[in-house]
Protein chains: 2
Amino acid sequence: MEVFDPAELWSRERIEETQLVRLKNTVGQARKCDFYRQRLDEAGIGPDSLRSLDDLRRIPFTTKEDLRTQYPTGMLSVPQTEIVRMHCSSGTTGSPVAICHTQNDINSWADLMARCMHMVGVRREDVFQNMSGYGLFTGGLGIHFGAERLGCLTIPAGAGNSRRQIKLAKDFRTTVAHILPSYALILGEHLRNMGEDPREFPLRVALVGAEPYTEEFRRRIEGLFDMKAYNSYGLSEMNGPGVAFECLEQSGMHLWEDAYIPEIIDPETCQPVPDGEVGELVMTCLCRQGMPILRYRTRDLTRFIPGECGCGRLHRRMDRILGRSDDMFIIKGVNVYPMQVEQVIMTFPEVGQSYLILLENDGIGDVMRVQVEVRDEFFVEDMRALQNLQKSIAQRLRDEILITPKVELVQSNSLPRTEGKAVRLQDLRAKK
Amino acid sequence: MEVFDPAELWSRERIEETQLVRLKNTVGQARKCDFYRQRLDEAGIGPDSLRSLDDLRRIPFTTKEDLRTQYPTGMLSVPQTEIVRMHCSSGTTGSPVAICHTQNDINSWADLMARCMHMVGVRREDVFQNMSGYGLFTGGLGIHFGAERLGCLTIPAGAGNSRRQIKLAKDFRTTVAHILPSYALILGEHLRNMGEDPREFPLRVALVGAEPYTEEFRRRIEGLFDMKAYNSYGLSEMNGPGVAFECLEQSGMHLWEDAYIPEIIDPETCQPVPDGEVGELVMTCLCRQGMPILRYRTRDLTRFIPGECGCGRLHRRMDRILGRSDDMFIIKGVNVYPMQVEQVIMTFPEVGQSYLILLENDGIGDVMRVQVEVRDEFFVEDMRALQNLQKSIAQRLRDEILITPKVELVQSNSLPRTEGKAVRLQDLRAKK
Ligand SMILES: [Zn+2]
Ligand SMILES: [Zn+2]
């Protein structure tokens, strides 16, 4: 298999050996800033404390609040003169989060991003159109540098302006685009309004990420443009894009474990969840000099996908983001994330636009009800069909979240909306 | 003198020797595209035709219309797979102009830009905030790559959002910014509205360009922030920023003659103008592989500044852009550009916001009248002061444009405006 970086094909043994070496280096590097030195000292982690990868769990977590407190440069592990780039979350009030990179950091980030694109068949012969905003947002420069590193003809189109996007893509025969899934729909619509068939559009690969979207939605935009859409995961605290990316198998995103150590924990207990179960992603970067971050609580919910990928790469795969850990609710002792429910019910073609999770207490215990809108053409008098649908949804939900909710089918547009946005969860249980 | 690139200090001999070698290479490279091969063949320019720099003048001009006709990739001199970046003028209708770069082109562009910034004392210790839009516009990525190449902590802030610009600049102690002159005023205003003194702002150097502005305006924003503002010149057809830049002397912009051959011609006759006279800048790039452009008619009006610069660099200097050659008018056989008039009258502190050039025919010959608004505090009953002002303006105009116009002083806001924009020129002469 042709790869961009030999590390893609490393054995688990080689990956884990490298992780330990790089973790030690990274912890040593992190100790160069007061914040981490103090925190590691408090936790009793000295330069020689890490004997195995299991010792990672002795390192305290880093939270977004830590990054806010240390803004703007409290977490630098190099003199500021070594820094060549800063990316920053937006926000003009309060303390934003700023991530600073050395030239080496920028280079290895570009390599990681190039590796992702190469994995799904993008080559220097491709024309790549970056339909992402540039500036402080990492989806612009981060992916741009990766595409140039790969040698693609890179068009820094920026966000929006559909007419120009379409003109550029047609004129340069753009084969690969970085695009928001919702914007892909808009572009397709625009083409149709122009009397054109989006499947005739030259696009053959889309890199998508940055907003949560379902598998069904992916298939929809793939069909719309007759292309392949690959999921991307990244967050500015870990550089930005280039952290995890789908291979041609489209069955989860390979986390580049030579550059990061991912963990998935129960956000309540902070203990690792069993393989395959949903929890909060925690990330440690292994290749950053300017501002290494240890055990960062991403707040993103996902799970490791068990088993080996058909592509042969042994870097573990993560599922798409299933929500934010802040959205989690607990019912009958089980952690549930609204996105898990959504994922299940949106696989049913009969299901319409909206759903609502209701949590109640019937005096004996907690009850979970899921109200699901059914599309008009399926909401017919055939009671048996509706009962079967109801039963199927309940079963599939139980398989996913391990408890059986009461499923109620309702008519289109009957569920409450707040300012146009669907309400997904109402917790009516008495607060303890 | 410490320089970024030894070429900055080359002798004229060394510069011109290098220009000839690189011109031959560039013409050879350009011949790899059908457009130039055909055009050079028609002009009888073979691979061995160029014996001296004077032979440059045998090469036909390239116009914006040529670039439009060859859009999108008709002027590539390398296989498209060698291209890693495209920049493009905006415009969704008609044919835009697209400039394509190889990796080498991008690297030498970044070097040129880094050289400019280094020349005015910017170093890796500096924090650089790029307040320019990114994407297809070259002022974003072009200057960004230069700043990173120099090793500055580069903040890709993008355009607008004054509150965020100010917060970032304060938090990171931004010492250098790329900023539109008009936006510098807005930022200063914003700071004052916050009850702060812009002179306390950490900014010490501004790179300004991209819109025409007067020397007086430069001094105003320099005073506002207690900083130095250096003029930058570039155009996407010649990469973008990095073509010419002021040194610490602030007396014209050094054109990097190891990378470009500049000419200044009379836009009517297409012949070179005498040294120091205003004409249209024509540029040939010497270091581009992907899309070399020969004798490009920029339509920008400027002049070579005669004499040697105090800094010791022997790369010729150009004046700020004095307008577009399309704006030129001819009176009494002399080419005049409205910006020349503006430059003169705006040096008088008594002069207000607007002026108007009127061209008339009094039956005997052409007459040029210049109506000048005078600020209220100077528009007083002291007739002698006003007469002196009138006389001074007329004299200074004659020195600049070689004919003596009739100067008329008028009250503030008395001159015509069209949709808020001042009208600068009315040609009332009978069309021949
Ligand atoms: Zn795979
Ligand atoms: Zn100089």
# chains A, B, ... in the order shown; residues from 1 in each chain; ligands from 1
>>> residues_near_ligand(ligand="ligand 2", cutoff="8 Å", atoms="only C-alpha atoms and all ligand atoms", output="JSON, numbers by chain")
{"B": [246, 247, 248, 249, 250, 251, 252, 253, 254, 308, 309, 310, 311, 312, 313, 314, 317]}
>>> interface_residues(of="chain A", to="chain B", cutoff="8 Å", atoms="only C-alpha atoms", output="ChimeraX atom specification")
/A:72-73,80-87,91-92,103,124-126,133-136,148,151-158,163-164,167,171-172
>>> select_by_dssp(residues="region 41-145 of chain B", states="strand (DSSP E)", output="VMD selection string")
chain B and resid 83 to 88 98 to 102 127 to 130
>>> atom_distance(atom1="CA of Val282 (chain B)", atom2="CA of Arg14 (chain B)")
21.7 Å
>>> residues_around(residues="Ser52 (chain A)", least_positions_apart="3", cutoff="8 Å", atoms="only C-alpha atoms", output="PDB file with C-alpha atoms, in the first residue's frame")
ATOM      1  CA  LEU A  20       6.201   6.021  25.189  1.00  0.00           C
ATOM      2  CA  ASP A  55       1.641   5.746  33.645  1.00  0.00           C
ATOM      3  CA  LEU A  56      -0.054   8.284  31.379  1.00  0.00           C
TER       4      LEU A  56
END
>>> closest_residue(among="A:Ala177, A:Ala244, A:Val380, A:Val372", to="His315 (chain A)", atoms="only C-alpha atoms")
A:Ala244
